[in-house]
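What follows is a single structure, written as structure tokens, with notes after it.
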Amino acid sequence: MDIKSGHSSPVMTDSPPISNSRLTIRQNRLPYSSAAATAISQNSNLLLTVPRKKTGILDDVKSNGWLDAMKSSSPPPTILNKDNLTSDAADMTYREWTLKYPSALSSFEKIMSFAKGKRIALFLDYDGTLSPIVEEPDCAYMSSAMRSAVQNVAKYFPTAIISGRSRDKVYEFVSLSELYYAGSHGMDIMSPAGESLNHEHSRTVSVNEQGKDVNLFQPASEFLPMIDKVLCSLIESTKDIKGVKVEDNKFCISVHYRNVEEKNWALVAQCVDDVIRTYPKLRLTHGRKVLEIRPVIDWDKGKAVTFLLESLGLNNCEDVLPIYVGDDRTDEDAFKVLRDGPNHGYGILVSAVPKDSNAFYSLCDPSEVMEFLKSLVTWKRSMG
């Protein structure tokens with residue numbers, strides 16, 4: 001598989017915010033190319049280029065749509081829970097949305113009817129899926145009840161955690177050695193001890209705390225020196241902006257502005273641009289109140305799902321049902337693979353507010369994710 005890409009400059013992708021007059025949003029990620037660059041000038045809502053200094057920082061950011069994108073990265077706190085919506089209209093909007101993306105809990109029997117006689121492979125995002133979104137990224141701990149649910153489901157189905165965080169950080173949060181872990185949006189994949197990753201570029205390493213060997217697959221290893229330099233520069237350039245958190249995710253960097261005053265968001269964006277503008281092999285993407293810098297390679301969570309299915313010997317098999325549960329726009333790549341690719345399965349979007357998605361089903365929050373995992377275990381045990 002060719003993992004190199006022809007990107008020539010960093011870009012940020014994002015979707016326009018949901019309004020009362022529009023229940024769905026556009027596809028939130030398009031491949032960047034010279035042809036795509038032409039399309040940008042025709043529709044700036046599809047792909048937003050990194051702002052360059054022209055006049056004032058704020059005017060420049062506004063002219064390129066960054067400020068709107070940053071504001072729309074998370075729903076307002078007053079509508080985070082579908083049981084506490086601010087109006088009857090909002091409640092109706094959510095109900096209409098669930099007609100398109102039914103609850104995976106209420107649709108559980110239907111999902112399992114397709115699973116009969118098939119092997120389920122389970123893929124899970126971490127933040128916002130297994131743990132709640134929190135103000136301090138280093139405190140995104142999963143509950144002991146959730147850990148137990150994940151551990152139990154992994155007894156019956158091959159299970160992988162696929163996160164934008166570093167693999168080491170996710171492993172620290174989850175602490176279950178029987179899982180596959182894919183950190184840095186799938187650019188750092190680790191097998192459970194004793195299992196292998198069937199790829200010519202995977203390598204075996206020893207896990208010190210267990211003294212057992214695991215396989216690693218890291219398709220972006222050549223970018224590590226560059227990413228380390230950018231990390232140091234970002235820490236230095238943002239150190240005087242109160243609330244900024246620069247997170248080292250090994251093969252990518254996250255600049256969190258969740259705790260930054262909104263009046264300073266434009267400054268955060270400009271600082272990031274000033275650092276990465278001289279690194280054409282890095283690109284900028286946008287998550288939930290976070291700017292993420294990644295290598296420009298043809299690799300994402302969808303590619304990670306395909307790779308893991310191949311490693312498990314489950315790729316292109318008619319008797320396999322992959323299920324991916326995630327909450328963020330970066331999970332859309334995996335949803336799309338399961339919807340449109342040869343490995344047909346179900347994407348489940350975790351969201352309490354309407355979003356357009358490649359997923360088939362929805363869950364409201366991590367508590368419903370836990371109930372879904374428990375239901376999978378109960379179903380498997382009932383099958384004998």
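In the structure tokens, each chain is lettered A, B, ... as it comes, each chain's residues begin at 1, and ligands are numbered from 1 in order of appearance.
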
Within 7 Å of Gly164 in chain A, counting only C-alpha atoms, which residues show up once you throw out same-chain ones fewer than 4 positions away? Write them as a list in words, please.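 After dropping sequence-adjacent residues, the list is Gly183, Ser184 and His185 of chain A.
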
Write out as a ChimeraX atom specification the residues lying within 12 Å of Leu309 in chain A, counting only C-alpha atoms and excluding same-chain residues fewer than 2 positions away. /A:119-123,158-160,180,197-199,302-307,311-317,320-323,337-338,342-345

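Among A:Val244, A:Ile133, A:Pro225, A:Tyr126, the residue with the shortest atom-to-atom distance to Glu172 in chain A, counting only C-alpha atoms, is A:Tyr126.
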
In Å to one decimal, how far is CA of Val255 in chain A from CA of Lys289 in chain A?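 The value is 8.6 Å.
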
List as a ChimeraX atom specification the protein and nucleic acid residues near range 112-118 of chain A, meaning an atom at most 9 Å away when only C-alpha atoms are counted, but skip any in the same chain fewer than 5 places from it. /A:107,318-321,376,379

Selected residues, C-alpha atoms, written as a short mmCIF file (atom, residue, chain, number, x, y, z; two decimals), in the first residue's frame, please.
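Result file is out32.cif:
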data_model
loop_
_atom_site.label_atom_id
_atom_site.label_comp_id
_atom_site.auth_asym_id
_atom_site.auth_seq_id
_atom_site.Cartn_x
_atom_site.Cartn_y
_atom_site.Cartn_z
CA SER A 107 -31.64 -1.03 16.90
CA GLU A 318 -18.14 -12.17 3.92
CA ASP A 319 -18.45 -13.73 7.38
CA VAL A 320 -16.99 -10.69 9.18
CA LEU A 321 -18.90 -7.71 10.60
CA LEU A 376 -22.65 -7.26 22.78
CA TRP A 379 -25.67 -11.39 23.02
#
